[in-house]
$ cat structure.pdb   # PDB, C-alpha atoms
ATOM      1  CA  MET Q 725     132.356  98.138  88.197
ATOM      2  CA  SER Q 726     131.201 101.754  88.429
ATOM      3  CA  GLU Q 727     133.107 104.276  90.524
ATOM      4  CA  ALA Q 728     129.972 104.848  92.609
ATOM      5  CA  LEU Q 729     129.623 101.128  93.388
ATOM      6  CA  ASP Q 730     133.300 100.925  94.284
ATOM      7  CA  SER Q 731     132.756 103.836  96.694
ATOM      8  CA  LEU Q 732     129.742 102.121  98.255
ATOM      9  CA  LEU Q 733     131.696  98.891  98.738
ATOM     10  CA  ASP Q 734     134.402 100.897 100.526
ATOM     11  CA  LEU Q 735     131.667 102.340 102.755
ATOM     12  CA  LEU Q 736     130.537  98.822 103.710
ATOM     13  CA  ASP Q 737     134.087  97.613 104.373
ATOM     14  CA  LEU Q 738     134.191  98.519 108.059
ATOM     15  CA  GLU Q 739     137.378  99.065 110.032
ATOM     16  CA  ARG Q 740     137.798  96.594 112.872
ATOM     17  CA  ILE Q 741     139.122  98.499 115.888
ATOM     18  CA  GLU Q 742     138.577  95.723 118.492
ATOM     19  CA  GLN Q 743     137.345  92.146 118.403
ATOM     20  CA  ASP Q 744     133.659  93.141 118.337
ATOM     21  CA  ILE Q 745     133.912  96.881 117.658
ATOM     22  CA  PHE Q 746     133.885  98.330 114.161
ATOM     23  CA  ARG Q 747     134.055 101.809 112.706
ATOM     24  CA  GLY Q 748     132.317 102.978 109.558
ATOM     25  CA  GLN Q 749     132.408 106.193 107.585
ATOM     26  CA  SER Q 750     129.508 108.050 106.013
ATOM     27  CA  ARG Q 751     129.023 110.149 102.944
ATOM     28  CA  SER Q 752     126.823 113.142 102.311
ATOM     29  CA  ALA Q 753     123.189 112.185 101.764
ATOM     30  CA  VAL Q 754     120.424 114.070  99.995
ATOM     31  CA  VAL Q 755     119.002 114.989 103.403
ATOM     32  CA  PRO Q 756     121.222 116.329 106.236
ATOM     33  CA  ARG Q 757     121.478 112.975 108.038
ATOM     34  CA  VAL Q 758     122.982 109.548 107.420
ATOM     35  CA  PHE Q 759     120.915 107.494 104.962
ATOM     36  CA  GLY Q 760     119.074 104.808 106.942
ATOM     37  CA  GLY Q 761     119.928 102.066 104.476
ATOM     38  CA  GLN Q 762     123.619 102.807 104.971
ATOM     39  CA  VAL Q 763     123.610 102.457 108.763
ATOM     40  CA  ALA Q 764     121.449  99.310 108.556
ATOM     41  CA  ALA Q 765     123.772  97.705 106.009
ATOM     42  CA  GLN Q 766     126.891  98.650 107.970
ATOM     43  CA  ALA Q 767     125.402  97.253 111.184
ATOM     44  CA  LEU Q 768     124.649  93.981 109.401
ATOM     45  CA  VAL Q 769     128.232  93.886 108.086
ATOM     46  CA  ALA Q 770     129.479  94.312 111.672
ATOM     47  CA  ALA Q 771     127.240  91.514 112.927
ATOM     48  CA  GLY Q 772     128.150  89.200 110.054
ATOM     49  CA  ARG Q 773     131.874  89.582 110.636
ATOM     50  CA  THR Q 774     131.511  87.972 114.069
ATOM     51  CA  VAL Q 775     129.592  84.941 112.739
ATOM     52  CA  PRO Q 776     131.027  81.696 111.279
ATOM     53  CA  ALA Q 777     131.107  81.746 107.475
ATOM     54  CA  ASP Q 778     128.754  78.759 107.190
ATOM     55  CA  ARG Q 779     125.859  80.731 108.758
ATOM     56  CA  GLY Q 780     123.866  83.079 106.570
ATOM     57  CA  ALA Q 781     121.691  85.966 107.722
ATOM     58  CA  HIS Q 782     118.018  85.006 107.778
ATOM     59  CA  SER Q 783     116.445  87.986 109.580
ATOM     60  CA  LEU Q 784     117.067  91.400 111.069
ATOM     61  CA  HIS Q 785     115.007  93.741 113.222
ATOM     62  CA  SER Q 786     116.096  97.315 113.820
ATOM     63  CA  TYR Q 787     115.170 100.737 115.159
ATOM     64  CA  PHE Q 788     116.360 104.146 114.021
ATOM     65  CA  LEU Q 789     116.895 106.075 117.260
ATOM     66  CA  ARG Q 790     118.511 109.376 116.277
ATOM     67  CA  PRO Q 791     119.512 111.090 113.025
ATOM     68  CA  GLY Q 792     123.068 110.184 112.081
ATOM     69  CA  ASP Q 793     125.709 112.837 111.436
ATOM     70  CA  PRO Q 794     127.179 112.247 107.949
ATOM     71  CA  GLY Q 795     130.289 114.207 108.907
ATOM     72  CA  ALA Q 796     131.350 111.878 111.710
ATOM     73  CA  PRO Q 797     132.325 108.175 111.850
ATOM     74  CA  ILE Q 798     129.911 105.618 113.314
ATOM     75  CA  VAL Q 799     131.085 103.055 115.862
ATOM     76  CA  TYR Q 800     129.328  99.659 115.788
ATOM     77  CA  ASN Q 801     129.417  97.638 119.009
ATOM     78  CA  VAL Q 802     128.504  93.967 118.540
ATOM     79  CA  ASP Q 803     127.142  91.789 121.353
ATOM     80  CA  ARG Q 804     127.446  88.024 120.853
ATOM     81  CA  ILE Q 805     124.031  87.142 122.253
ATOM     82  CA  ARG Q 806     123.997  83.458 121.354
ATOM     83  CA  ASP Q 807     125.938  80.838 119.399
ATOM     84  CA  GLY Q 808     123.792  77.715 119.095
ATOM     85  CA  ARG Q 809     124.158  74.551 117.049
ATOM     86  CA  SER Q 810     122.006  75.950 114.213
ATOM     87  CA  PHE Q 811     121.442  79.639 114.956
ATOM     88  CA  THR Q 812     123.627  82.581 115.896
ATOM     89  CA  THR Q 813     122.204  85.842 117.266
ATOM     90  CA  ARG Q 814     123.934  89.204 117.324
ATOM     91  CA  ARG Q 815     122.943  92.621 118.652
ATOM     92  CA  VAL Q 816     124.553  95.759 117.235
ATOM     93  CA  VAL Q 817     124.381  99.304 118.592
ATOM     94  CA  ALA Q 818     125.579 102.124 116.317
ATOM     95  CA  VAL Q 819     127.011 105.063 118.265
ATOM     96  CA  GLN Q 820     127.864 108.635 117.303
ATOM     97  CA  HIS Q 821     128.969 111.446 119.591
ATOM     98  CA  GLY Q 822     128.515 109.129 122.581
ATOM     99  CA  LYS Q 823     124.864 108.339 121.862
ATOM    100  CA  PRO Q 824     123.161 105.363 120.176
ATOM    101  CA  ILE Q 825     121.630 106.260 116.804
ATOM    102  CA  PHE Q 826     120.586 102.776 115.639
ATOM    103  CA  HIS Q 827     119.916  99.353 117.130
ATOM    104  CA  LEU Q 828     119.880  96.058 115.220
ATOM    105  CA  SER Q 829     119.282  92.428 116.131
ATOM    106  CA  ALA Q 830     120.196  89.857 113.499
ATOM    107  CA  SER Q 831     119.930  86.088 113.345
ATOM    108  CA  PHE Q 832     122.075  83.723 111.276
ATOM    109  CA  GLN Q 833     121.495  80.053 110.480
ATOM    110  CA  VAL Q 834     123.435  77.134 109.062
ATOM    111  CA  HIS Q 835     121.960  75.886 105.779
ATOM    112  CA  GLU Q 836     119.452  73.085 106.102
ATOM    113  CA  GLU Q 837     116.782  71.462 103.959
ATOM    114  CA  GLY Q 838     113.111  71.679 104.882
ATOM    115  CA  MET Q 839     109.569  72.403 103.697
ATOM    116  CA  ASP Q 840     109.468  74.862 100.825
ATOM    117  CA  HIS Q 841     106.612  76.923  99.396
ATOM    118  CA  GLN Q 842     106.004  80.514  98.308
ATOM    119  CA  ARG Q 843     103.338  82.666  96.722
ATOM    120  CA  VAL Q 844     103.430  83.466  93.017
ATOM    121  CA  MET Q 845     105.534  86.407  91.864
ATOM    122  CA  PRO Q 846     103.417  89.381  90.734
ATOM    123  CA  HIS Q 847     103.565  90.528  87.129
ATOM    124  CA  ALA Q 848     106.046  93.249  86.225
ATOM    125  CA  PRO Q 849     107.477  94.426  82.902
ATOM    126  CA  ASP Q 850     111.014  93.577  81.824
ATOM    127  CA  PRO Q 851     113.339  96.025  83.628
ATOM    128  CA  GLU Q 852     115.337  96.561  80.450
ATOM    129  CA  THR Q 853     112.242  98.207  78.892
ATOM    130  CA  LEU Q 854     111.965 100.819  81.662
ATOM    131  CA  GLU Q 855     113.661 104.199  81.803
ATOM    132  CA  THR Q 856     116.600 104.657  84.153
ATOM    133  CA  THR Q 857     116.443 106.656  87.359
ATOM    134  CA  GLU Q 858     118.524 109.405  85.733
ATOM    135  CA  GLU Q 859     116.114 109.728  82.819
ATOM    136  CA  MET Q 860     113.062 109.684  85.067
ATOM    137  CA  LEU Q 861     114.372 112.161  87.659
ATOM    138  CA  HIS Q 862     115.368 114.747  85.082
ATOM    139  CA  ARG Q 863     112.028 114.365  83.330
ATOM    140  CA  TYR Q 864     110.232 115.434  86.525
ATOM    141  CA  VAL Q 865     112.748 118.011  87.738
ATOM    142  CA  ASP Q 866     110.059 120.718  87.692
ATOM    143  CA  ARG Q 867     108.172 118.876  90.455
ATOM    144  CA  PHE Q 868     110.943 119.242  93.040
ATOM    145  CA  ALA Q 869     111.039 121.964  95.675
ATOM    146  CA  ASP Q 870     114.630 122.598  94.545
ATOM    147  CA  PRO Q 871     115.622 121.638  90.955
ATOM    148  CA  ARG Q 872     119.113 120.717  92.205
ATOM    149  CA  LEU Q 873     117.567 117.780  94.075
ATOM    150  CA  ALA Q 874     117.367 115.777  90.850
ATOM    151  CA  ASP Q 875     121.154 115.760  90.454
ATOM    152  CA  ARG Q 876     121.642 115.011  94.148
ATOM    153  CA  LEU Q 877     119.256 112.064  93.955
ATOM    154  CA  VAL Q 878     121.032 110.731  90.874
ATOM    155  CA  GLU Q 879     124.347 110.959  92.716
ATOM    156  CA  ALA Q 880     122.927 109.274  95.847
ATOM    157  CA  ARG Q 881     121.652 106.318  93.802
ATOM    158  CA  ALA Q 882     124.535 106.094  91.339
ATOM    159  CA  ALA Q 883     125.749 102.722  92.657
ATOM    160  CA  VAL Q 884     122.375 101.119  91.952
ATOM    161  CA  ASP Q 885     120.415 100.760  88.716
ATOM    162  CA  LEU Q 886     116.900 101.401  90.058
ATOM    163  CA  ARG Q 887     113.925 101.523  87.681
ATOM    164  CA  TYR Q 888     110.335 102.428  88.567
ATOM    165  CA  VAL Q 889     107.578 100.322  87.017
ATOM    166  CA  ASP Q 890     105.017 103.105  87.568
ATOM    167  CA  ALA Q 891     105.441 106.818  88.173
ATOM    168  CA  PRO Q 892     106.960 107.583  91.610
ATOM    169  CA  PRO Q 893     105.090 109.737  94.176
ATOM    170  CA  PHE Q 894     106.721 113.023  93.167
ATOM    171  CA  ALA Q 895     105.503 112.562  89.589
ATOM    172  CA  THR Q 896     101.823 112.329  90.553
ATOM    173  CA  ALA Q 897     101.585 114.584  93.627
ATOM    174  CA  GLY Q 898      98.006 115.669  94.206
ATOM    175  CA  GLU Q 899      96.561 112.484  92.694
ATOM    176  CA  PRO Q 900      95.848 109.709  95.239
ATOM    177  CA  ARG Q 901      96.569 106.239  93.845
ATOM    178  CA  GLU Q 902      96.485 102.646  94.956
ATOM    179  CA  PRO Q 903      99.065 102.314  97.769
ATOM    180  CA  ARG Q 904     101.348 100.024  95.816
ATOM    181  CA  SER Q 905     104.561 100.470  93.867
ATOM    182  CA  GLN Q 906     107.187  98.368  92.126
ATOM    183  CA  VAL Q 907     110.824  98.993  91.298
ATOM    184  CA  TRP Q 908     113.512  96.803  89.782
ATOM    185  CA  PHE Q 909     117.052  97.182  91.094
ATOM    186  CA  ARG Q 910     120.560  95.760  90.815
ATOM    187  CA  THR Q 911     124.039  97.094  91.482
ATOM    188  CA  ARG Q 912     125.921  98.798  88.647
ATOM    189  CA  GLY Q 913     128.560  96.108  88.406
ATOM    190  CA  LYS Q 914     129.340  92.580  89.542
ATOM    191  CA  LEU Q 915     129.865  91.788  93.198
ATOM    192  CA  ALA Q 916     132.100  89.207  94.844
ATOM    193  CA  ASP Q 917     130.615  85.783  95.599
ATOM    194  CA  ASP Q 918     130.047  86.614  99.256
ATOM    195  CA  PRO Q 919     126.441  85.949 100.418
ATOM    196  CA  LEU Q 920     126.764  88.466 103.278
ATOM    197  CA  LEU Q 921     127.734  91.207 100.817
ATOM    198  CA  HIS Q 922     124.623  90.585  98.691
ATOM    199  CA  VAL Q 923     122.380  90.568 101.771
ATOM    200  CA  CYS Q 924     123.919  93.832 103.013
ATOM    201  CA  MET Q 925     123.573  95.450  99.601
ATOM    202  CA  ALA Q 926     119.875  94.522  99.452
ATOM    203  CA  THR Q 927     119.489  95.952 102.971
ATOM    204  CA  TYR Q 928     121.033  99.206 101.764
ATOM    205  CA  VAL Q 929     118.637  99.513  98.820
ATOM    206  CA  SER Q 930     115.561  98.411 100.772
ATOM    207  CA  ASP Q 931     115.322 101.765 102.589
ATOM    208  CA  MET Q 932     115.198 103.842  99.388
ATOM    209  CA  THR Q 933     111.586 103.459  98.255
ATOM    210  CA  LEU Q 934     109.631 101.382 100.794
ATOM    211  CA  LEU Q 935     107.457 104.237 102.084
ATOM    212  CA  ASP Q 936     106.514 105.410  98.574
ATOM    213  CA  SER Q 937     103.269 103.453  98.745
ATOM    214  CA  VAL Q 938     102.224 105.385 101.873
ATOM    215  CA  LEU Q 939     102.602 108.635  99.938
ATOM    216  CA  LEU Q 940     100.732 107.308  96.902
ATOM    217  CA  ALA Q 941      97.615 106.569  98.959
ATOM    218  CA  HIS Q 942      97.340 110.250  99.885
ATOM    219  CA  GLY Q 943      98.568 111.905  96.715
ATOM    220  CA  ARG Q 944     101.697 113.199  98.412
ATOM    221  CA  GLY Q 945     104.908 113.738  96.497
ATOM    222  CA  GLY Q 946     107.329 113.292  99.380
ATOM    223  CA  TRP Q 947     110.070 115.280 101.032
ATOM    224  CA  SER Q 948     111.632 116.240  97.670
ATOM    225  CA  VAL Q 949     108.368 117.986  96.743
ATOM    226  CA  GLY Q 950     107.995 119.414 100.227
ATOM    227  CA  ASP Q 951     104.480 118.204 101.033
ATOM    228  CA  VAL Q 952     105.543 115.748 103.775
ATOM    229  CA  VAL Q 953     108.322 115.364 106.297
ATOM    230  CA  GLY Q 954     109.383 111.993 107.594
ATOM    231  CA  ALA Q 955     112.006 109.464 108.589
ATOM    232  CA  SER Q 956     112.364 105.723 109.018
ATOM    233  CA  LEU Q 957     111.406 104.490 112.488
ATOM    234  CA  ASP Q 958     112.063 100.756 112.284
ATOM    235  CA  HIS Q 959     113.014  98.177 109.678
ATOM    236  CA  ALA Q 960     112.716  94.391 109.536
ATOM    237  CA  MET Q 961     113.830  91.911 106.879
ATOM    238  CA  TRP Q 962     113.611  88.154 106.401
ATOM    239  CA  PHE Q 963     115.964  86.499 103.901
ATOM    240  CA  HIS Q 964     114.248  83.417 102.495
ATOM    241  CA  ARG Q 965     116.333  82.197  99.558
ATOM    242  CA  PRO Q 966     119.722  82.908  97.970
ATOM    243  CA  PHE Q 967     119.932  85.829  95.556
ATOM    244  CA  ARG Q 968     122.454  88.140  93.961
ATOM    245  CA  ALA Q 969     122.150  91.907  94.367
ATOM    246  CA  ASP Q 970     124.018  92.390  91.077
ATOM    247  CA  GLU Q 971     121.182  90.698  89.176
ATOM    248  CA  TRP Q 972     117.709  92.174  88.672
ATOM    249  CA  LEU Q 973     115.453  92.032  91.753
ATOM    250  CA  LEU Q 974     111.817  93.139  91.813
ATOM    251  CA  TYR Q 975     110.831  95.204  94.883
ATOM    252  CA  ASP Q 976     107.040  94.869  95.164
ATOM    253  CA  GLN Q 977     105.808  97.324  97.832
ATOM    254  CA  GLU Q 978     102.475  98.255  99.418
ATOM    255  CA  SER Q 979     101.083 100.118 102.402
ATOM    256  CA  PRO Q 980      98.303  98.474 104.423
ATOM    257  CA  SER Q 981      97.929 101.332 106.920
ATOM    258  CA  ALA Q 982      98.801 104.887 107.916
ATOM    259  CA  SER Q 983      97.722 106.544 111.165
ATOM    260  CA  GLY Q 984      99.022 108.625 114.046
ATOM    261  CA  GLY Q 985     101.643 110.349 111.900
ATOM    262  CA  ARG Q 986     103.115 106.976 110.928
ATOM    263  CA  GLY Q 987     102.902 104.935 107.743
ATOM    264  CA  LEU Q 988     103.547 101.220 107.315
ATOM    265  CA  GLY Q 989     105.214  99.768 104.241
ATOM    266  CA  GLN Q 990     105.558  96.077 103.501
ATOM    267  CA  ALA Q 991     107.225  94.454 100.529
ATOM    268  CA  ARG Q 992     108.583  91.344  98.912
ATOM    269  CA  ILE Q 993     111.747  91.156  96.860
ATOM    270  CA  TRP Q 994     111.807  88.633  94.019
ATOM    271  CA  THR Q 995     114.520  87.300  91.758
ATOM    272  CA  ALA Q 996     113.925  87.706  88.034
ATOM    273  CA  ASP Q 997     113.156  83.989  87.717
ATOM    274  CA  GLY Q 998     110.341  84.166  90.287
ATOM    275  CA  LYS Q 999     111.922  83.129  93.591
ATOM    276  CA  LEU Q1000     110.786  84.966  96.726
ATOM    277  CA  ALA Q1001     114.084  86.151  98.185
ATOM    278  CA  ILE Q1002     113.220  88.688 100.912
ATOM    279  CA  THR Q1003     110.302  90.072 102.905
ATOM    280  CA  VAL Q1004     110.597  93.643 104.223
ATOM    281  CA  ILE Q1005     108.457  95.651 106.657
ATOM    282  CA  GLN Q1006     109.102  99.228 107.745
ATOM    283  CA  GLU Q1007     107.244 101.889 109.677
ATOM    284  CA  GLY Q1008     108.099 105.504 109.072
ATOM    285  CA  LEU Q1009     107.241 108.910 110.408
ATOM    286  CA  VAL Q1010     105.083 110.628 107.774
ATOM    287  CA  ARG Q1011     103.802 114.085 108.714
ATOM    288  CA  VAL Q1012     102.100 116.771 106.684
ATOM    289  CA  PRO Q1013     103.892 120.097 107.324
ATOM    290  CA  ARG Q1014     101.890 122.710 109.167
ATOM    291  CA  ALA Q1015     101.008 125.817 107.202
TER     292      ALA Q1015
END

$ encode --input "structure.pdb" --output "structure tokens"
Amino acid sequence: MSEALDSLLDLLDLERIEQDIFRGQSRSAVVPRVFGGQVAAQALVAAGRTVPADRGAHSLHSYFLRPGDPGAPIVYNVDRIRDGRSFTTRRVVAVQHGKPIFHLSASFQVHEEGMDHQRVMPHAPDPETLETTEEMLHRYVDRFADPRLADRLVEARAAVDLRYVDAPPFATAGEPREPRSQVWFRTRGKLADDPLLHVCMATYVSDMTLLDSVLLAHGRGGWSVGDVVGASLDHAMWFHRPFRADEWLLYDQESPSASGGRGLGQARIWTADGKLAITVIQEGLVRVPRA
């Protein structure tokens, strides 16, 4: 296991300070706020730790309310909304400096058999044939507003092996493209056989690249280039089938709409053998800076 992955696992291992109250730490992000994927994953950890082990997460819906302070701990308050025969519902509010910064509702279900169908997995090249994030970022370092951003991005993503199928937005700034992108990802090391851990790890990664397709449609390179400013507004996920976050997953992303200073990203996450594991939808603030 890599040192970076070990550090991320420590970040997700929340301190329980009361029966339904947890405390999590943060680490410095590339931008001066807590990474959205971190607070979403930690909130899901908090919810999951109040749910019977035989119930797996099947959906979450969340809102990013305020920027998080990476220099201060985050307190997660869990409300036990419902414990039914098949489903369990939890609400989590993340608080910093006395104010809510994030709100999550999550639902858990006991395993049961039922109807089963899915669409066909889209084509994508073998991830082992693609260049690593480190190789790709340093190849395009001249595109960044600050060359030091390449090293900071590498450090921020060090726990995850993330590989772009096509050039990312910052590599083709100024050239509008089809609003679709694909990345493969997996953790840099094996994880424990805990389904909640794999779901939380996928939640963490899901906030890294989902709005890329919005930028591609308009030929924008993103905040690292300096031609847009933005932030995640909300995030929803549905977990359809079992998967492992330490094995290759294909993140197939697209943007059906952008308007009113907001862009919508939707995606499906597939296992390497073609099973539809997760559906993700996110809306983000995407603004063009004023001259």

$ resolve_selection --input "structure.pdb" --expression "the PyMOL selection byres ((chain Q and resi 807) around 12)" --output "list of chain:residue names"
Q:Thr774, Q:Val775, Q:Pro776, Q:Arg779, Q:Asp803, Q:Arg804, Q:Ile805, Q:Arg806, Q:Gly808, Q:Arg809, Q:Ser810, Q:Phe811, Q:Thr812, Q:Thr813, Q:Arg814, Q:Ser831, Q:Phe832, Q:Gln833, Q:Val834

$ residues_near_point --input "structure.pdb" --point "(135.2, 106.5, 106.2)" --cutoff "9 Å" --atoms "only C-alpha atoms" --output "list in words"
Asp734, Leu735, Leu738, Glu739, Arg747, Gly748, Gln749, Ser750, Arg751, Ala796, Pro797 and Ile798 of chain Q

$ resolve_selection --input "structure.pdb" --expression "the PyMOL selection byres ((chain Q and resi 971) around 10)" --output "list in words"
Trp908, Phe909, Arg910, Thr911, Arg912, Gly913, Lys914, Leu915, Phe967, Arg968, Ala969, Asp970, Trp972, Leu973, Thr995 and Ala996 of chain Q

$ resolve_selection --input "structure.pdb" --expression "the PyMOL selection byres ((chain Q and resi 922-933) around 6)" --output "PDB file with C-alpha atoms, keeping the file's coordinate frame"
ATOM      1  CA  GLY Q 761     119.928 102.066 104.476  1.00  0.00           C
ATOM      2  CA  GLN Q 762     123.619 102.807 104.971  1.00  0.00           C
ATOM      3  CA  ALA Q 765     123.772  97.705 106.009  1.00  0.00           C
ATOM      4  CA  PRO Q 919     126.441  85.949 100.418  1.00  0.00           C
ATOM      5  CA  LEU Q 920     126.764  88.466 103.278  1.00  0.00           C
ATOM      6  CA  LEU Q 921     127.734  91.207 100.817  1.00  0.00           C
ATOM      7  CA  LEU Q 934     109.631 101.382 100.794  1.00  0.00           C
ATOM      8  CA  LEU Q 935     107.457 104.237 102.084  1.00  0.00           C
ATOM      9  CA  ASP Q 936     106.514 105.410  98.574  1.00  0.00           C
ATOM     10  CA  ARG Q 968     122.454  88.140  93.961  1.00  0.00           C
ATOM     11  CA  ALA Q 969     122.150  91.907  94.367  1.00  0.00           C
TER      12      ALA Q 969
END

$ closest_residue --input "structure.pdb" --among "Q:Ser937, Q:Thr856, Q:Gln906, Q:Ser981" --to "Pro893 of chain Q" --atoms "only C-alpha atoms"
Q:Ser937

$ atom_distance --input "structure.pdb" --atom1 "atom CA of Ala777 of chain Q" --atom2 "atom CA of Gly838 of chain Q"
20.8 Å

$ closest_residue --input "structure.pdb" --among "Q:Gln820, Q:Ser948, Q:Thr853, Q:Ser829" --to "Leu873 of chain Q" --atoms "only C-alpha atoms"
Q:Ser948

$ residues_around --input "structure.pdb" --residues "Val817 of chain Q" --least-positions-apart "5" --cutoff "12 Å" --atoms "only C-alpha atoms" --output "JSON, numbers by chain"
{"Q": [744, 745, 746, 747, 763, 764, 766, 767, 768, 770, 771, 786, 787, 788, 789, 790, 798, 799, 800, 801, 802, 803, 804, 822, 823, 824, 825, 826, 827, 828, 829, 830]}

$ closest_residue --input "structure.pdb" --among "Q:Phe868, Q:Tyr888, Q:Phe759, Q:Phe894" --to "His942 of chain Q" --atoms "all atoms listed in the file"
Q:Phe894

$ closest_residue --input "structure.pdb" --among "Q:Asp890, Q:Glu978, Q:Asp918, Q:Glu742" --to "Glu1007 of chain Q" --atoms "all atoms listed in the file"
Q:Glu978
